[in-house]
Every structure is written in structure tokens, then in C-alpha cells.
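Q: To be precise about what I am sending: the file is called model.pdb and holds PDB, C-alpha atoms, pLDDT in the B column.
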ATOM      1  CA  MET A1197      67.802  -3.327 -66.387  1.00 47.00           C
ATOM      2  CA  MET A1198      65.684  -0.204 -66.585  1.00 44.00           C
ATOM      3  CA  LEU A1199      62.624  -2.311 -67.364  1.00 44.00           C
ATOM      4  CA  LYS A1200      63.201  -4.567 -64.362  1.00 47.00           C
ATOM      5  CA  THR A1201      63.768  -1.584 -62.065  1.00 50.00           C
ATOM      6  CA  THR A1202      60.555   0.013 -63.278  1.00 52.00           C
ATOM      7  CA  ASN A1203      58.617  -3.190 -62.637  1.00 55.00           C
ATOM      8  CA  ILE A1204      60.023  -3.412 -59.107  1.00 53.00           C
ATOM      9  CA  GLU A1205      59.085   0.197 -58.362  1.00 57.00           C
ATOM     10  CA  GLU A1206      55.578  -0.369 -59.695  1.00 58.00           C
ATOM     11  CA  LYS A1207      55.168  -3.450 -57.505  1.00 52.00           C
ATOM     12  CA  LEU A1208      56.442  -1.519 -54.459  1.00 51.00           C
ATOM     13  CA  GLN A1209      54.020   1.328 -55.150  1.00 57.00           C
ATOM     14  CA  SER A1210      51.185  -1.153 -55.602  1.00 59.00           C
ATOM     15  CA  TYR A1211      52.085  -2.779 -52.285  1.00 50.00           C
ATOM     16  CA  ARG A1212      52.179   0.625 -50.550  1.00 53.00           C
ATOM     17  CA  ASN A1213      48.722   1.502 -51.960  1.00 55.00           C
ATOM     18  CA  LYS A1214      47.358  -1.867 -50.857  1.00 52.00           C
ATOM     19  CA  THR A1215      48.820  -1.443 -47.383  1.00 52.00           C
ATOM     20  CA  SER A1216      47.402   2.084 -47.152  1.00 58.00           C
ATOM     21  CA  ASN A1217      43.950   0.855 -48.189  1.00 57.00           C
ATOM     22  CA  GLU A1218      44.081  -1.921 -45.606  1.00 56.00           C
ATOM     23  CA  GLU A1219      45.042   0.593 -42.894  1.00 58.00           C
ATOM     24  CA  ASN A1220      42.119   2.826 -43.881  1.00 60.00           C
ATOM     25  CA  ILE A1221      39.762  -0.141 -43.724  1.00 54.00           C
ATOM     26  CA  LEU A1222      41.085  -1.080 -40.269  1.00 56.00           C
ATOM     27  CA  LEU A1223      40.622   2.509 -39.084  1.00 57.00           C
ATOM     28  CA  GLN A1224      37.044   2.543 -40.379  1.00 57.00           C
ATOM     29  CA  VAL A1225      36.279  -0.778 -38.671  1.00 51.00           C
ATOM     30  CA  HIS A1226      37.796   0.510 -35.428  1.00 54.00           C
ATOM     31  CA  SER A1227      35.687   3.672 -35.663  1.00 58.00           C
ATOM     32  CA  ILE A1228      32.507   1.640 -36.257  1.00 52.00           C
ATOM     33  CA  LEU A1229      33.292  -0.617 -33.310  1.00 53.00           C
ATOM     34  CA  GLN A1230      33.834   2.434 -31.088  1.00 56.00           C
ATOM     35  CA  LYS A1231      30.476   3.884 -32.166  1.00 52.00           C
ATOM     36  CA  ASP A1232      28.765   0.542 -31.505  1.00 52.00           C
ATOM     37  CA  ALA A1233      30.365   0.352 -28.056  1.00 53.00           C
ATOM     38  CA  THR A1234      29.173   3.885 -27.267  1.00 57.00           C
ATOM     39  CA  HIS A1235      25.675   3.028 -28.518  1.00 50.00           C
ATOM     40  CA  ILE A1236      25.547  -0.146 -26.432  1.00 49.00           C
ATOM     41  CA  ALA A1237      26.725   1.772 -23.349  1.00 54.00           C
ATOM     42  CA  GLN A1238      24.006   4.346 -23.936  1.00 54.00           C
ATOM     43  CA  ILE A1239      21.358   1.617 -24.225  1.00 45.00           C
ATOM     44  CA  LYS A1240      22.561   0.032 -20.978  1.00 47.00           C
ATOM     45  CA  SER A1241      22.481   3.432 -19.282  1.00 52.00           C
ATOM     46  CA  ASN A1242      18.906   4.052 -20.473  1.00 48.00           C
ATOM     47  CA  LEU A1243      17.815   0.614 -19.297  1.00 41.00           C
ATOM     48  CA  ALA A1244      19.378   1.229 -15.898  1.00 45.00           C
ATOM     49  CA  ALA A1245      17.630   4.606 -15.605  1.00 48.00           C
ATOM     50  CA  THR A1246      14.302   3.032 -16.605  1.00 44.00           C
ATOM     51  CA  THR A1247      14.715   0.238 -14.071  1.00 42.00           C
ATOM     52  CA  LYS A1248      15.544   2.751 -11.375  1.00 48.00           C
ATOM     53  CA  LYS A1249      12.604   5.027 -12.213  1.00 54.00           C
ATOM     54  CA  ASN A1250       9.949   2.303 -12.408  1.00 68.00           C
ATOM     55  CA  ASN A1251       9.147  -0.158  -9.635  1.00 79.00           C
ATOM     56  CA  ALA A1252       9.262  -3.925  -9.950  1.00 79.00           C
ATOM     57  CA  PHE A1253       5.709  -4.643  -8.828  1.00 84.00           C
ATOM     58  CA  LYS A1254       4.110  -8.056  -9.178  1.00 83.00           C
ATOM     59  CA  ILE A1255       1.300  -7.183 -11.571  1.00 81.00           C
ATOM     60  CA  ASP A1256      -1.014  -9.957 -10.347  1.00 83.00           C
ATOM     61  CA  LEU A1257      -0.954  -8.498  -6.831  1.00 85.00           C
ATOM     62  CA  LEU A1258      -1.883  -4.944  -7.863  1.00 85.00           C
ATOM     63  CA  ASP A1259      -5.390  -3.576  -7.408  1.00 86.00           C
ATOM     64  CA  ALA A1260      -6.596  -2.663 -10.919  1.00 85.00           C
ATOM     65  CA  ASN A1261      -8.767   0.131  -9.482  1.00 86.00           C
ATOM     66  CA  LYS A1262      -5.640   1.888  -8.190  1.00 87.00           C
ATOM     67  CA  ILE A1263      -3.758   1.910 -11.501  1.00 88.00           C
ATOM     68  CA  TYR A1264      -3.905   5.294 -13.273  1.00 89.00           C
ATOM     69  CA  HIS A1265      -2.560   6.365 -16.644  1.00 90.00           C
ATOM     70  CA  ILE A1266      -0.825   9.731 -16.902  1.00 90.00           C
ATOM     71  CA  SER A1267      -3.754  11.020 -19.006  1.00 89.00           C
ATOM     72  CA  GLN A1268      -6.178  10.229 -16.158  1.00 90.00           C
ATOM     73  CA  ILE A1269      -3.904  11.932 -13.641  1.00 90.00           C
ATOM     74  CA  LYS A1270      -3.651  14.982 -15.905  1.00 88.00           C
ATOM     75  CA  LYS A1271      -7.454  15.230 -16.115  1.00 88.00           C
ATOM     76  CA  ILE A1272      -7.795  15.049 -12.315  1.00 86.00           C
ATOM     77  CA  CYS A1273      -5.199  17.794 -11.881  1.00 88.00           C
ATOM     78  CA  ILE A1274      -6.803  20.062 -14.482  1.00 86.00           C
ATOM     79  CA  ASP A1275     -10.335  19.553 -13.127  1.00 86.00           C
ATOM     80  CA  TYR A1276      -9.340  20.284  -9.513  1.00 85.00           C
ATOM     81  CA  ARG A1277      -6.399  22.684 -10.124  1.00 85.00           C
ATOM     82  CA  LEU A1278      -3.853  20.368  -8.515  1.00 86.00           C
ATOM     83  CA  ARG A1279      -0.236  19.541  -9.284  1.00 85.00           C
ATOM     84  CA  PHE A1280       1.448  16.184  -9.919  1.00 87.00           C
ATOM     85  CA  LEU A1281       5.042  16.441  -8.722  1.00 85.00           C
ATOM     86  CA  SER A1282       7.814  14.431  -7.123  1.00 83.00           C
ATOM     87  CA  SER A1283       7.426  13.827  -3.383  1.00 82.00           C
ATOM     88  CA  LYS A1284      10.701  15.717  -2.806  1.00 81.00           C
ATOM     89  CA  TYR A1285       8.797  18.979  -3.381  1.00 77.00           C
ATOM     90  CA  PHE A1286       6.031  18.066  -0.929  1.00 82.00           C
ATOM     91  CA  LYS A1287       6.133  20.148   2.264  1.00 78.00           C
ATOM     92  CA  GLY A1288       2.912  18.855   3.819  1.00 77.00           C
ATOM     93  CA  GLN A1289       2.724  16.208   6.513  1.00 78.00           C
ATOM     94  CA  ILE A1290       2.595  12.653   5.165  1.00 81.00           C
ATOM     95  CA  PRO A1291       0.398  10.626   7.550  1.00 82.00           C
ATOM     96  CA  GLN A1292       1.698   7.521   9.264  1.00 86.00           C
ATOM     97  CA  GLU A1293      -0.981   5.488   7.484  1.00 88.00           C
ATOM     98  CA  ALA A1294       0.587   6.388   4.117  1.00 87.00           C
ATOM     99  CA  ILE A1295       4.045   5.336   5.330  1.00 87.00           C
ATOM    100  CA  SER A1296       2.573   2.065   6.619  1.00 89.00           C
ATOM    101  CA  ALA A1297       0.893   1.524   3.239  1.00 89.00           C
ATOM    102  CA  ILE A1298       4.253   1.948   1.493  1.00 88.00           C
ATOM    103  CA  LYS A1299       5.938  -0.571   3.820  1.00 90.00           C
ATOM    104  CA  GLU A1300       3.119  -3.103   3.366  1.00 91.00           C
ATOM    105  CA  LEU A1301       3.330  -2.718  -0.416  1.00 89.00           C
ATOM    106  CA  GLU A1302       7.108  -3.175  -0.369  1.00 89.00           C
ATOM    107  CA  LYS A1303       6.744  -6.295   1.777  1.00 90.00           C
ATOM    108  CA  LEU A1304       4.029  -7.736  -0.463  1.00 90.00           C
ATOM    109  CA  HIS A1305       5.994  -7.170  -3.677  1.00 89.00           C
ATOM    110  CA  GLN A1306       9.433  -7.792  -2.115  1.00 88.00           C
ATOM    111  CA  THR A1307      10.852  -4.588  -3.551  1.00 87.00           C
ATOM    112  CA  THR A1308      11.854  -1.059  -2.558  1.00 87.00           C
ATOM    113  CA  ILE A1309       9.489   1.576  -3.925  1.00 86.00           C
ATOM    114  CA  ASN A1310      11.065   4.706  -5.361  1.00 85.00           C
ATOM    115  CA  GLY A1311      10.113   7.652  -7.553  1.00 85.00           C
ATOM    116  CA  HIS A1312       7.085   8.640  -5.455  1.00 85.00           C
ATOM    117  CA  GLN A1313       4.783  11.248  -7.027  1.00 88.00           C
ATOM    118  CA  ILE A1314       2.081  13.233  -5.242  1.00 87.00           C
ATOM    119  CA  ILE A1315      -1.097  14.972  -6.434  1.00 86.00           C
ATOM    120  CA  ALA A1316      -1.814  17.967  -4.199  1.00 83.00           C
ATOM    121  CA  PRO A1317      -2.671  21.709  -4.261  1.00 82.00           C
ATOM    122  CA  SER A1318       0.164  24.133  -5.026  1.00 75.00           C
ATOM    123  CA  LYS A1319       0.281  25.387  -1.425  1.00 76.00           C
ATOM    124  CA  LEU A1320       1.383  21.945  -0.213  1.00 77.00           C
ATOM    125  CA  PHE A1321       4.484  21.891  -2.409  1.00 73.00           C
ATOM    126  CA  LYS A1322       7.800  23.554  -1.724  1.00 60.00           C
ATOM    127  CA  LEU A1323       8.080  24.928  -5.228  1.00 50.00           C
ATOM    128  CA  GLU A1324      11.176  26.337  -6.874  1.00 45.00           C
ATOM    129  CA  ASN A1325      11.458  30.148  -6.915  1.00 43.00           C
ATOM    130  CA  ALA A1326      10.479  30.604  -3.987  1.00 39.00           C
ATOM    131  CA  ASP A1327      -6.385  19.270   0.382  1.00 52.00           C
ATOM    132  CA  ASP A1328      -6.213  16.160  -1.035  1.00 58.00           C
ATOM    133  CA  PRO A1329      -2.839  14.578  -1.573  1.00 75.00           C
ATOM    134  CA  LEU A1330      -2.634  11.296  -3.457  1.00 82.00           C
ATOM    135  CA  LEU A1331       0.602   9.279  -3.225  1.00 85.00           C
ATOM    136  CA  PHE A1332       1.618   7.390  -6.394  1.00 84.00           C
ATOM    137  CA  ALA A1333       4.467   5.121  -7.493  1.00 83.00           C
ATOM    138  CA  PRO A1334       5.442   4.684 -11.178  1.00 87.00           C
ATOM    139  CA  ILE A1335       4.992   1.201 -12.646  1.00 84.00           C
ATOM    140  CA  GLY A1336       6.135   1.943 -16.207  1.00 80.00           C
ATOM    141  CA  ASN A1337       4.667   2.975 -19.578  1.00 81.00           C
ATOM    142  CA  ASP A1338       3.153   6.155 -18.082  1.00 82.00           C
ATOM    143  CA  TYR A1339       1.134   4.201 -15.523  1.00 85.00           C
ATOM    144  CA  TYR A1340       1.115   4.967 -11.798  1.00 86.00           C
ATOM    145  CA  TYR A1341      -0.131   3.005  -8.807  1.00 84.00           C
ATOM    146  CA  LEU A1342      -2.116   4.811  -6.107  1.00 87.00           C
ATOM    147  CA  ILE A1343      -0.561   3.930  -2.731  1.00 86.00           C
ATOM    148  CA  TYR A1344      -2.524   6.177  -0.386  1.00 84.00           C
ATOM    149  CA  LYS A1345      -4.962   9.116  -0.397  1.00 81.00           C
ATOM    150  CA  TRP A1346      -5.743  11.527   2.425  1.00 76.00           C
ATOM    151  CA  GLY A1347      -7.535  14.861   2.873  1.00 68.00           C
ATOM    152  CA  ASN A1348     -10.674  16.070   1.089  1.00 65.00           C
ATOM    153  CA  ASP A1349      -9.550  18.432  -1.662  1.00 62.00           C
ATOM    154  CA  LEU A1350     -11.079  16.234  -4.389  1.00 68.00           C
ATOM    155  CA  HIS A1351     -14.462  17.542  -3.314  1.00 72.00           C
ATOM    156  CA  PRO A1352     -17.012  18.417  -6.040  1.00 77.00           C
ATOM    157  CA  LEU A1353     -17.185  21.982  -4.680  1.00 81.00           C
ATOM    158  CA  ARG A1354     -13.454  22.440  -5.316  1.00 80.00           C
ATOM    159  CA  LYS A1355     -13.918  21.240  -8.885  1.00 81.00           C
ATOM    160  CA  LEU A1356     -16.719  23.784  -9.325  1.00 84.00           C
ATOM    161  CA  ALA A1357     -14.720  26.598  -7.686  1.00 81.00           C
ATOM    162  CA  VAL A1358     -11.651  26.168  -9.914  1.00 84.00           C
ATOM    163  CA  MET A1359     -13.587  25.547 -13.148  1.00 85.00           C
ATOM    164  CA  PRO A1360     -13.095  29.170 -14.364  1.00 84.00           C
ATOM    165  CA  PHE A1361      -9.310  28.633 -14.256  1.00 84.00           C
ATOM    166  CA  LYS A1362      -9.464  25.440 -16.319  1.00 85.00           C
ATOM    167  CA  ASN A1363      -9.070  27.351 -19.595  1.00 85.00           C
ATOM    168  CA  LEU A1364      -9.552  30.783 -21.197  1.00 86.00           C
ATOM    169  CA  PHE A1365     -13.063  29.969 -22.470  1.00 89.00           C
ATOM    170  CA  ASN A1366     -14.349  29.170 -18.962  1.00 89.00           C
ATOM    171  CA  LEU A1367     -12.794  32.368 -17.590  1.00 90.00           C
ATOM    172  CA  ILE A1368     -14.450  34.526 -20.263  1.00 92.00           C
ATOM    173  CA  ILE A1369     -17.822  32.867 -19.587  1.00 93.00           C
ATOM    174  CA  LEU A1370     -17.423  33.639 -15.870  1.00 92.00           C
ATOM    175  CA  ILE A1371     -16.553  37.293 -16.555  1.00 93.00           C
ATOM    176  CA  LEU A1372     -19.517  37.659 -18.933  1.00 94.00           C
ATOM    177  CA  GLY A1373     -21.903  36.158 -16.378  1.00 93.00           C
ATOM    178  CA  LEU A1374     -20.530  38.192 -13.482  1.00 93.00           C
ATOM    179  CA  SER A1375     -20.697  41.387 -15.543  1.00 93.00           C
ATOM    180  CA  PHE A1376     -24.328  40.702 -16.371  1.00 93.00           C
ATOM    181  CA  VAL A1377     -25.234  40.205 -12.705  1.00 93.00           C
ATOM    182  CA  VAL A1378     -23.408  43.380 -11.639  1.00 92.00           C
ATOM    183  CA  ALA A1379     -25.017  45.386 -14.467  1.00 90.00           C
ATOM    184  CA  LYS A1380     -28.472  44.141 -13.398  1.00 90.00           C
ATOM    185  CA  LEU A1381     -27.833  45.176  -9.790  1.00 91.00           C
ATOM    186  CA  ILE A1382     -26.926  48.758 -10.722  1.00 88.00           C
ATOM    187  CA  PRO A1383     -30.028  50.992 -11.042  1.00 85.00           C
ATOM    188  CA  MET A1384     -30.199  52.559 -14.511  1.00 80.00           C
ATOM    189  CA  GLU A1385     -31.774  55.666 -12.930  1.00 77.00           C
ATOM    190  CA  LEU A1386     -28.284  56.656 -11.777  1.00 77.00           C
ATOM    191  CA  PHE A1387     -27.307  57.330 -15.401  1.00 75.00           C
ATOM    192  CA  THR A1388     -30.506  57.993 -17.358  1.00 74.00           C
ATOM    193  CA  ARG A1389     -34.252  58.307 -16.947  1.00 74.00           C
ATOM    194  CA  GLU A1390     -34.907  56.237 -20.056  1.00 75.00           C
ATOM    195  CA  LYS A1391     -35.190  52.463 -19.691  1.00 74.00           C
ATOM    196  CA  SER A1392     -33.615  51.206 -22.890  1.00 76.00           C
ATOM    197  CA  SER A1393     -31.750  48.011 -23.772  1.00 81.00           C
ATOM    198  CA  ALA A1394     -29.129  50.106 -25.557  1.00 84.00           C
ATOM    199  CA  TYR A1395     -28.211  51.902 -22.308  1.00 84.00           C
ATOM    200  CA  PHE A1396     -28.080  48.557 -20.505  1.00 86.00           C
ATOM    201  CA  LEU A1397     -25.710  47.145 -23.146  1.00 89.00           C
ATOM    202  CA  VAL A1398     -23.404  50.147 -22.749  1.00 88.00           C
ATOM    203  CA  LEU A1399     -23.369  49.675 -18.979  1.00 89.00           C
ATOM    204  CA  TYR A1400     -22.891  45.920 -19.391  1.00 91.00           C
ATOM    205  CA  PHE A1401     -19.948  46.450 -21.754  1.00 91.00           C
ATOM    206  CA  PHE A1402     -18.375  48.954 -19.335  1.00 91.00           C
ATOM    207  CA  ILE A1403     -18.718  46.532 -16.387  1.00 92.00           C
ATOM    208  CA  PHE A1404     -17.282  43.695 -18.524  1.00 92.00           C
ATOM    209  CA  LYS A1405     -14.202  45.770 -19.434  1.00 91.00           C
ATOM    210  CA  MET A1406     -13.676  46.721 -15.803  1.00 92.00           C
ATOM    211  CA  ILE A1407     -13.868  43.126 -14.471  1.00 91.00           C
ATOM    212  CA  ALA A1408     -11.777  41.773 -17.367  1.00 90.00           C
ATOM    213  CA  SER A1409      -9.087  44.400 -16.710  1.00 89.00           C
ATOM    214  CA  ILE A1410      -8.953  43.567 -12.998  1.00 88.00           C
ATOM    215  CA  THR A1411      -8.746  39.842 -13.798  1.00 86.00           C
ATOM    216  CA  LEU A1412      -5.982  40.413 -16.346  1.00 83.00           C
ATOM    217  CA  PHE A1413      -4.011  42.606 -13.926  1.00 83.00           C
ATOM    218  CA  TYR A1414      -4.381  40.044 -11.146  1.00 78.00           C
ATOM    219  CA  GLY A1415      -3.300  37.166 -13.420  1.00 74.00           C
ATOM    220  CA  VAL A1416      -0.260  38.979 -14.831  1.00 63.00           C
ATOM    221  CA  ALA A1417       0.844  40.516 -11.523  1.00 61.00           C
ATOM    222  CA  LEU A1418       0.789  37.206  -9.651  1.00 63.00           C
ATOM    223  CA  GLY A1419       2.013  35.116 -12.566  1.00 60.00           C
ATOM    224  CA  LYS A1420      -1.077  32.919 -12.564  1.00 74.00           C
ATOM    225  CA  ASN A1421      -1.861  30.426 -15.315  1.00 76.00           C
ATOM    226  CA  PHE A1422      -4.523  27.914 -16.336  1.00 80.00           C
ATOM    227  CA  ASN A1423      -4.896  24.417 -14.877  1.00 78.00           C
ATOM    228  CA  ASN A1424      -3.680  22.612 -17.989  1.00 75.00           C
ATOM    229  CA  VAL A1425      -0.375  24.528 -17.809  1.00 75.00           C
ATOM    230  CA  ILE A1426       0.470  24.200 -14.109  1.00 77.00           C
ATOM    231  CA  TRP A1427      -0.450  20.573 -13.394  1.00 75.00           C
ATOM    232  CA  LYS A1428       3.197  19.393 -13.732  1.00 73.00           C
ATOM    233  CA  ASN A1429       4.876  22.776 -13.209  1.00 67.00           C
ATOM    234  CA  LYS A1430       7.370  22.819 -10.328  1.00 63.00           C
ATOM    235  CA  TYR A1431       7.727  26.601 -10.198  1.00 56.00           C
ATOM    236  CA  PHE A1432       5.984  28.930  -7.782  1.00 51.00           C
ATOM    237  CA  ASN A1433       4.547  31.491 -10.178  1.00 51.00           C
ATOM    238  CA  ALA A1434       2.144  29.382 -12.195  1.00 52.00           C
TER     239      ALA A1434
END
How does this structure look as C-alpha cells?

A:
Amino acid sequence: MMLKTTNIEEKLQSYRNKTSNEENILLQVHSILQKDATHIAQIKSNLAATTKKNNAFKIDLLDANKIYHISQIKKICIDYRLRFLSSKYFKGQIPQEAISAIKELEKLHQTTINGHQIIAPSKLFKLENADDPLLFAPIGNDYYYLIYKWGNDLHPLRKLAVMPFKNLFNLIILILGLSFVVAKLIPMELFTREKSSAYFLVLYFFIFKMIASITLFYGVALGKNFNNVIWKNKYFNA
């Protein structure tokens, strides 16, 4: 009898272990299914956000000359010291012609355009922390379609005027050139009777330090930065 009882207990224990293993497997499967469901929901959410952000244009009806990649837009902004921001920050007056262009485009493509972006100078944006606008609409894969352009801030003179603020190298070149001109305009007779290149270099170095210090103080005090930093910056001090 003891042998039979032992066999029964062993079978019961084996059954309990088997049942426990099956429960663990079911729990693991349930956990995997939950993760898959969460992943699928996340994918659907991302797809919905992408669909909402980009516009369903009919590619064949778009003007290829008005399609810009984000790299091209970045270069324009850096060259002309402009910003590329959402239209919700724009405080300038959008002309009726631009609004008409939007409506005509929506009618042509049978869609509602959203996610408008505008290229414009900083002064035309209502920036947080508180002129040549170009109105764009995203079409996906970092491409934007130019809807309308007004003003004249993309003038070659503006590009030339803001070139020193494009990067640190350009700014240093400007300071060196300006210091040389100022040093040439100052008569050396005010400091010495000898006309020597060594005295001129000392004066030139002094003028350079003075202009560089003023530029540095101005940049730090007003929170200014270079074109390649501010082109998509939505904050005032940049």
C-alpha cells in the first residue's frame, strides 16, 4: 500500500508541476500579446500623426520648381538670416493673394492643407519668451511645397548684410577688416613721430581687441547667435 500511495503522490505532484508550467506559458503568451497590441497601437498612432502632419497632394499636379527639401530651406535661412517656423508664430499680415493661393491649391488637390510653415525674418514672428515671407506646406519626407511668396527680403543686399552672422569665421574676418580700416584712418602722428610697421601693428591689434570686445558684449547681452543656430529656433533671444 505504501508503494501505491507513493506512486499516486508522485503522479499528483507531476500533474501540479505540469499545470504550473502551462499556466506560466499562458501568462507569457498573454504578456507577449499585450506587448504586440501596444506596439500595433503605437504604429497606428504614428501613422495617424504622419498623415495629419503631411498633406495629401496629387504629385502630378505639383509644380516641381516649388518643391523644396529641408536642406534647401535651411540654406536659404542661413544665407539670409531668416527663420523657418510654424505659421502659428507668424504675427505679420498674410496677404489675401496667399489665402487665395491656399484655397485654389486645396480645390485643385481636393484636400485641406495643414501644417503651414513660413520663412521670414525674426521680427515677423511672435516668438516665445517674449521682408520676405514664404508660405510652405509639408508634403512628406522632409519636402515642402511653396504656396506663396511676398515681400522682398530675399534681396542680394540682405544676403550680403547678414553674411558676417552666418558663422564665427565670417564674423572674425569682418572684425579683422574693419579694424584694419579704422587703424588706417587714425593718424600715427597722434602716438609717435616714427612711421614704422611695428607701431601700426600695435595700433591695429589694439583696435581689433576693442571692436571684438564690443561685438562680444553686444552678442552676449542681447543673446544673439549665428544663422545656422536660429533658423528653426522659436525663442526670442537667438

Q: Would you work out the distance separating CA of Ser1282 (chain A) from CA of Phe1321 (chain A), expressed in Å to one decimal?

A: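 Distance reported for this atom pair: 9.4 Å.
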
Q: CA of Lys1254 (chain A) and CA of Thr1307 (chain A) are how many Å apart?

A: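 A separation of 9.4 Å between them.
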
Q: Could you give me the centre and size, in Å to one decimal, of an axis-aligned box around all listed atoms of region 1372-1386 of chain A with 4 Å added on every side, as JSON?

A:
{"center_x": -25.6, "center_y": 46.4, "center_z": -14.4, "size_x": 20.3, "size_y": 28.5, "size_z": 17.1}

Q: Is there a way to get, as a count of residues only, all residues within 12 Å of the point (-10.6, 42.3, -20.4) in file coordinates, counting all atoms listed in the file?

A: 23

Q: For Phe1422 (chain A), which residue among A:Tyr1339, A:Trp1346, A:Phe1332, A:Tyr1276 is the nearest when counting all atoms listed in the file?

A: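 Once distances to Phe1422 (chain A) are computed over all atoms listed in the file, the minimum belongs to A:Tyr1276.
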
Q: Could you pull the residues within 10 Å of region 1309-1311 of chain A, counting all atoms listed in the file, minus those fewer than 3 positions along the same chain, as an MDAnalysis selection string?

A: chainID A and resid 1248:1253 1282:1284 1298:1299 1301:1302 1305:1306 1332:1335

Q: Work out how far apart CA of Val1378 (chain A) and CA of Ser1392 (chain A) are and give it in Å to one decimal.

A: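 Here the two named atoms are 17.1 Å from each other.
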
Q: Can you list what the PyMOL selection byres ((chain A and resi 1264) around 9) grabs from this structure, as a list in words?

A: Ala1260, Asn1261, Lys1262, Ile1263, His1265, Ile1266, Ser1267, Gln1268, Ile1269, Asp1338, Tyr1339, Tyr1340, Tyr1341 and Leu1342 of chain A

Q: If the PyMOL selection byres ((chain A and resi 1275) around 9) is run on the structure shown, which residues does it catch, given as a list in words?

A: Lys1270, Lys1271, Ile1272, Cys1273, Ile1274, Tyr1276, Arg1277, Leu1278, Arg1354, Lys1355, Leu1356, Val1358, Met1359, Lys1362, Asn1423 and Asn1424 of chain A

Q: Using all atoms listed in the file, can you tell me which of A:Leu1353, A:Asn1421, A:Leu1257, A:Leu1330 comes closest to Leu1304 (chain A)?

A: A:Leu1257

Q: Could you tell me which of A:Leu1399, A:Ile1315, A:Leu1331, A:Ala1294 comes closest to Phe1387 (chain A) if we count all atoms listed in the file?

A: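 The closest residue to Phe1387 (chain A) is A:Leu1399.
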